[in-house]
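First the structure, in the form of structure tokens, and then the observations on it.
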Amino acid sequence: MKKMRHQGKERKGMEILLHATGWIILFILPQFLLAGDFLSDIRTSLIIFFKTLVFGIVFYVNYLWLIPVLLHRKRGLFFWPSALILVVVMHIGSNMAFLKLFPPPEGVEQRIHREVERARTDKRGLPSPVRMVVYNYFITAFLVTGFAIALRASQQTVKKEREIKELEKEKLNSELALLKNQVSPHFFFNTLNNIYSLIEINQKDAQDAVLSLSKMMRYLLYDSEKGNTKLSHEIDFMKGYIDLMRLRMSSRVSLSVDFPAQYEDTEVPPLLFISFIENAFKHGVSYQGNSFIEIVLKSGNSRLTFTTRNSVSKAGNDAPQPDSGIGLENVKKRLGLLYPGKHKLVIMEKDQVYSVELTIDTSKG
């Protein structure tokens, strides 16, 4: 909880810094550059900051209030008149405040009054310089309003994407919990039956099998709850699973397992490969003829390559489907979330051979 609050404060501080930098670069700095030699006049500098404050108020009233309350709540019909009223009110109010704070020199003020009176007499409206000031204000105010809308829209998009990802992660976590209970539920019963049979034949093998099963259950129940795990732990879990599956295999099944002796002990998601191995044993073991299972893991150059190949019954009744099974679907979703654009999964069946090849780029960034 404290970590979340700390991250929230950091995000808020970064947002304030970005806003301040944006106003300086996009608004204040250009005005100072245009002012040029007039910067020696403190009045010019104060006018620049005053203008920035006026448009800042227009921006943040839209950004913090009008857009979230009206536009994002499907009340656009009320937003546009409100935004227009805000711009007009700020124009009138800022003009009055400007004349109070920065009254023009006496000679300039008289010249402006004469120009305004002459324009009214000739029915030409406001003098050109005054019109330009008004046009400049309204154009800038509407641009600032548009920028506030665009910024809020982009933030809403990012927020929705973040929420969708969080929901997907929560869903995957629940599916992972299901997967733990689903690493072949009958597998444990069959293993216990095999161990029971071993007790009378070979007590040492039976003891080793019980120890291996207890380690697997500890990994499933506790170690995999901690988020990512070490590759070495995942390999130990797979070896334990395979060793226990050997207990129920006949001599007609050819099993080949190749795990690397030396490798970079990188972090990987728990139970990432077990669905493929379970799938291979489920569909690769035939009780009617010869069959085979091949399991290979290669590691090097920040890349993991995991491969399984197994025979498929000619009858095809037990043939695995490339897109079937909760376990396989779970793995695909997890890969998409954890390694977007950094993994390749190829599942295919050809000539009664079912193969899976998963390549993961484990380099950071």
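By order in the structure tokens, chains are A, B, ...; within a chain, residues start at 1; ligands start at 1, following the order shown.
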Every residue of stretch 16-80 of chain A that DSSP places in alpha helix (DSSP H), as a PDB file with N, CA and C atoms, in the first residue's frame:
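Once written, states-v6.pdb looks like this:
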```pdb
ATOM      1  N   ILE A  16       3.272  17.339 -12.684  1.00  0.00           N
ATOM      2  CA  ILE A  16       3.416  18.782 -12.427  1.00  0.00           C
ATOM      3  C   ILE A  16       4.647  19.324 -13.129  1.00  0.00           C
ATOM      4  N   LEU A  17       5.751  18.576 -13.052  1.00  0.00           N
ATOM      5  CA  LEU A  17       6.993  18.997 -13.711  1.00  0.00           C
ATOM      6  C   LEU A  17       6.814  19.100 -15.225  1.00  0.00           C
ATOM      7  N   LEU A  18       6.124  18.124 -15.817  1.00  0.00           N
ATOM      8  CA  LEU A  18       5.898  18.137 -17.265  1.00  0.00           C
ATOM      9  C   LEU A  18       5.017  19.325 -17.670  1.00  0.00           C
ATOM     10  N   HIS A  19       3.984  19.609 -16.866  1.00  0.00           N
ATOM     11  CA  HIS A  19       3.108  20.755 -17.166  1.00  0.00           C
ATOM     12  C   HIS A  19       3.895  22.062 -17.101  1.00  0.00           C
ATOM     13  N   ALA A  20       4.695  22.219 -16.048  1.00  0.00           N
ATOM     14  CA  ALA A  20       5.484  23.451 -15.893  1.00  0.00           C
ATOM     15  C   ALA A  20       6.466  23.613 -17.053  1.00  0.00           C
ATOM     16  N   THR A  21       7.121  22.521 -17.429  1.00  0.00           N
ATOM     17  CA  THR A  21       8.074  22.564 -18.545  1.00  0.00           C
ATOM     18  C   THR A  21       7.361  22.915 -19.847  1.00  0.00           C
ATOM     19  N   GLY A  22       6.172  22.330 -20.041  1.00  0.00           N
ATOM     20  CA  GLY A  22       5.404  22.609 -21.246  1.00  0.00           C
ATOM     21  C   GLY A  22       5.033  24.075 -21.368  1.00  0.00           C
ATOM     22  N   TRP A  23       4.571  24.684 -20.274  1.00  0.00           N
ATOM     23  CA  TRP A  23       4.206  26.102 -20.311  1.00  0.00           C
ATOM     24  C   TRP A  23       5.423  26.977 -20.583  1.00  0.00           C
ATOM     25  N   LEU A  29       8.622  31.044 -23.093  1.00  0.00           N
ATOM     26  CA  LEU A  29       9.873  31.251 -23.826  1.00  0.00           C
ATOM     27  C   LEU A  29       9.680  31.951 -25.166  1.00  0.00           C
ATOM     28  N   PRO A  30       8.685  31.517 -26.004  1.00  0.00           N
ATOM     29  CA  PRO A  30       8.482  32.231 -27.274  1.00  0.00           C
ATOM     30  C   PRO A  30       8.169  33.713 -27.091  1.00  0.00           C
ATOM     31  N   GLN A  31       7.387  34.067 -26.051  1.00  0.00           N
ATOM     32  CA  GLN A  31       7.061  35.479 -25.823  1.00  0.00           C
ATOM     33  C   GLN A  31       8.306  36.280 -25.432  1.00  0.00           C
ATOM     34  N   PHE A  32       9.164  35.674 -24.629  1.00  0.00           N
ATOM     35  CA  PHE A  32      10.406  36.357 -24.267  1.00  0.00           C
ATOM     36  C   PHE A  32      11.299  36.559 -25.482  1.00  0.00           C
ATOM     37  N   LEU A  33      11.328  35.554 -26.359  1.00  0.00           N
ATOM     38  CA  LEU A  33      12.150  35.681 -27.574  1.00  0.00           C
ATOM     39  C   LEU A  33      11.618  36.776 -28.487  1.00  0.00           C
ATOM     40  N   LEU A  34      10.274  36.877 -28.571  1.00  0.00           N
ATOM     41  CA  LEU A  34       9.671  37.915 -29.400  1.00  0.00           C
ATOM     42  C   LEU A  34       9.878  39.308 -28.805  1.00  0.00           C
ATOM     43  N   ALA A  35       9.901  39.371 -27.472  1.00  0.00           N
ATOM     44  CA  ALA A  35      10.077  40.669 -26.809  1.00  0.00           C
ATOM     45  C   ALA A  35      11.451  41.264 -27.102  1.00  0.00           C
ATOM     46  N   ILE A  42      10.889  45.790 -16.991  1.00  0.00           N
ATOM     47  CA  ILE A  42      10.240  44.842 -16.090  1.00  0.00           C
ATOM     48  C   ILE A  42       8.755  44.726 -16.409  1.00  0.00           C
ATOM     49  N   ARG A  43       8.190  45.805 -16.925  1.00  0.00           N
ATOM     50  CA  ARG A  43       6.766  45.808 -17.276  1.00  0.00           C
ATOM     51  C   ARG A  43       6.470  44.759 -18.352  1.00  0.00           C
ATOM     52  N   THR A  44       7.352  44.633 -19.334  1.00  0.00           N
ATOM     53  CA  THR A  44       7.166  43.652 -20.412  1.00  0.00           C
ATOM     54  C   THR A  44       7.184  42.232 -19.868  1.00  0.00           C
ATOM     55  N   SER A  45       8.108  41.981 -18.960  1.00  0.00           N
ATOM     56  CA  SER A  45       8.202  40.642 -18.358  1.00  0.00           C
ATOM     57  C   SER A  45       6.940  40.314 -17.580  1.00  0.00           C
ATOM     58  N   LEU A  46       6.437  41.283 -16.823  1.00  0.00           N
ATOM     59  CA  LEU A  46       5.220  41.057 -16.041  1.00  0.00           C
ATOM     60  C   LEU A  46       4.015  40.819 -16.947  1.00  0.00           C
ATOM     61  N   ILE A  47       3.952  41.531 -18.075  1.00  0.00           N
ATOM     62  CA  ILE A  47       2.851  41.341 -19.029  1.00  0.00           C
ATOM     63  C   ILE A  47       2.883  39.924 -19.599  1.00  0.00           C
ATOM     64  N   ILE A  48       4.094  39.426 -19.902  1.00  0.00           N
ATOM     65  CA  ILE A  48       4.236  38.057 -20.423  1.00  0.00           C
ATOM     66  C   ILE A  48       3.685  37.041 -19.424  1.00  0.00           C
ATOM     67  N   PHE A  49       4.061  37.201 -18.157  1.00  0.00           N
ATOM     68  CA  PHE A  49       3.566  36.272 -17.133  1.00  0.00           C
ATOM     69  C   PHE A  49       2.066  36.430 -16.908  1.00  0.00           C
ATOM     70  N   PHE A  50       1.560  37.656 -17.046  1.00  0.00           N
ATOM     71  CA  PHE A  50       0.120  37.888 -16.902  1.00  0.00           C
ATOM     72  C   PHE A  50      -0.651  37.152 -18.006  1.00  0.00           C
ATOM     73  N   LYS A  51      -0.182  37.278 -19.251  1.00  0.00           N
ATOM     74  CA  LYS A  51      -0.844  36.585 -20.365  1.00  0.00           C
ATOM     75  C   LYS A  51      -0.811  35.074 -20.164  1.00  0.00           C
ATOM     76  N   THR A  52       0.338  34.589 -19.702  1.00  0.00           N
ATOM     77  CA  THR A  52       0.469  33.147 -19.448  1.00  0.00           C
ATOM     78  C   THR A  52      -0.517  32.693 -18.382  1.00  0.00           C
ATOM     79  N   LEU A  53      -0.682  33.526 -17.342  1.00  0.00           N
ATOM     80  CA  LEU A  53      -1.625  33.200 -16.271  1.00  0.00           C
ATOM     81  C   LEU A  53      -3.046  33.136 -16.802  1.00  0.00           C
ATOM     82  N   VAL A  54      -3.423  34.074 -17.665  1.00  0.00           N
ATOM     83  CA  VAL A  54      -4.785  34.111 -18.228  1.00  0.00           C
ATOM     84  C   VAL A  54      -5.066  32.831 -19.008  1.00  0.00           C
ATOM     85  N   PHE A  55      -4.157  32.473 -19.916  1.00  0.00           N
ATOM     86  CA  PHE A  55      -4.379  31.266 -20.716  1.00  0.00           C
ATOM     87  C   PHE A  55      -4.208  29.998 -19.874  1.00  0.00           C
ATOM     88  N   GLY A  56      -3.408  30.097 -18.804  1.00  0.00           N
ATOM     89  CA  GLY A  56      -3.295  28.969 -17.884  1.00  0.00           C
ATOM     90  C   GLY A  56      -4.613  28.693 -17.187  1.00  0.00           C
ATOM     91  N   ILE A  57      -5.320  29.774 -16.794  1.00  0.00           N
ATOM     92  CA  ILE A  57      -6.637  29.616 -16.166  1.00  0.00           C
ATOM     93  C   ILE A  57      -7.615  28.977 -17.146  1.00  0.00           C
ATOM     94  N   VAL A  58      -7.616  29.448 -18.410  1.00  0.00           N
ATOM     95  CA  VAL A  58      -8.484  28.870 -19.444  1.00  0.00           C
ATOM     96  C   VAL A  58      -8.190  27.374 -19.594  1.00  0.00           C
ATOM     97  N   PHE A  59      -6.897  27.043 -19.637  1.00  0.00           N
ATOM     98  CA  PHE A  59      -6.484  25.647 -19.829  1.00  0.00           C
ATOM     99  C   PHE A  59      -6.931  24.775 -18.660  1.00  0.00           C
ATOM    100  N   TYR A  60      -6.617  25.193 -17.431  1.00  0.00           N
ATOM    101  CA  TYR A  60      -6.842  24.318 -16.286  1.00  0.00           C
ATOM    102  C   TYR A  60      -8.298  24.253 -15.844  1.00  0.00           C
ATOM    103  N   VAL A  61      -9.094  25.297 -16.124  1.00  0.00           N
ATOM    104  CA  VAL A  61     -10.534  25.184 -15.855  1.00  0.00           C
ATOM    105  C   VAL A  61     -11.139  24.127 -16.784  1.00  0.00           C
ATOM    106  N   GLY A  76     -21.521  16.691 -23.815  1.00  0.00           N
ATOM    107  CA  GLY A  76     -20.851  17.592 -24.748  1.00  0.00           C
ATOM    108  C   GLY A  76     -21.693  18.781 -25.142  1.00  0.00           C
ATOM    109  N   LEU A  77     -23.015  18.601 -25.104  1.00  0.00           N
ATOM    110  CA  LEU A  77     -23.929  19.695 -25.458  1.00  0.00           C
ATOM    111  C   LEU A  77     -23.771  20.872 -24.500  1.00  0.00           C
ATOM    112  N   PHE A  78     -23.390  20.598 -23.245  1.00  0.00           N
ATOM    113  CA  PHE A  78     -23.191  21.647 -22.247  1.00  0.00           C
ATOM    114  C   PHE A  78     -21.742  22.136 -22.239  1.00  0.00           C
ATOM    115  N   PHE A  79     -20.831  21.266 -22.692  1.00  0.00           N
ATOM    116  CA  PHE A  79     -19.414  21.627 -22.615  1.00  0.00           C
ATOM    117  C   PHE A  79     -19.068  22.798 -23.527  1.00  0.00           C
ATOM    118  N   TRP A  80     -19.478  22.725 -24.801  1.00  0.00           N
ATOM    119  CA  TRP A  80     -19.044  23.748 -25.761  1.00  0.00           C
ATOM    120  C   TRP A  80     -19.542  25.147 -25.399  1.00  0.00           C
TER     121      TRP A  80
END
```
Report as JSON lines: every residue of stretch 252-346 of chain A with an atom at most 12 Å from stretch 155-169 of chain A, its closest pair of atoms, and their distance in Å to one decimal, counting only C-alpha atoms, with rows sorted by chain and ascending residue number.
```
{"residue": "A:Asn330", "atom": "CA", "partner": "A:Glu168", "partner_atom": "CA", "distance": 11.0}
{"residue": "A:Lys333", "atom": "CA", "partner": "A:Glu168", "partner_atom": "CA", "distance": 8.6}
{"residue": "A:Arg334", "atom": "CA", "partner": "A:Lys169", "partner_atom": "CA", "distance": 8.3}
{"residue": "A:Leu335", "atom": "CA", "partner": "A:Lys169", "partner_atom": "CA", "distance": 11.5}
{"residue": "A:Gly336", "atom": "CA", "partner": "A:Glu168", "partner_atom": "CA", "distance": 10.6}
{"residue": "A:Leu337", "atom": "CA", "partner": "A:Lys169", "partner_atom": "CA", "distance": 7.9}
{"residue": "A:Leu338", "atom": "CA", "partner": "A:Lys169", "partner_atom": "CA", "distance": 9.7}
```
Can you write just those residues out, C-alpha atoms, as a PDB file, in the first residue's frame?
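out-v5.pdb, freshly written:
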```
ATOM      1  CA  ASN A 330      -3.339 -19.483 -20.487  1.00  0.00           C
ATOM      2  CA  LYS A 333      -2.228 -14.989 -22.956  1.00  0.00           C
ATOM      3  CA  ARG A 334       0.616 -14.813 -20.445  1.00  0.00           C
ATOM      4  CA  LEU A 335       3.203 -14.689 -23.221  1.00  0.00           C
ATOM      5  CA  GLY A 336       1.292 -11.871 -24.927  1.00  0.00           C
ATOM      6  CA  LEU A 337       1.239  -9.855 -21.701  1.00  0.00           C
ATOM      7  CA  LEU A 338       4.729 -10.629 -20.392  1.00  0.00           C
TER       8      LEU A 338
END
```
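Among the candidate residues A:Val268, A:Leu345, A:Leu220, A:Val353, the one lying nearest to A:Phe237 is A:Leu220, with distances computed using only C-alpha atoms.
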Tell me, in Å to one decimal, how far atom CA of A:Val331 is from atom CA of A:Asp223.
-> 18.4 Å
Would you list the contacts of A:Met245 as a PyMOL selection string, taking every protein, DNA or RNA residue within 10 Å and counting only C-alpha atoms, but skipping same-chain residues closer than 4 positions in sequence?
-> chain A and resi 187+190-191+194+239-241+249+278+281
Given only C-alpha atoms as the counted atoms, nearest of A:Ser174, A:Thr229, A:Ser302, A:Gln352 to A:Gly284 | A:Gln352
Residue neighbourhood A:Thr307, 8 Å, only C-alpha atoms, exclusion window fewer than 6 positions, as a PyMOL selection string = chain A and resi 294-297+355-358
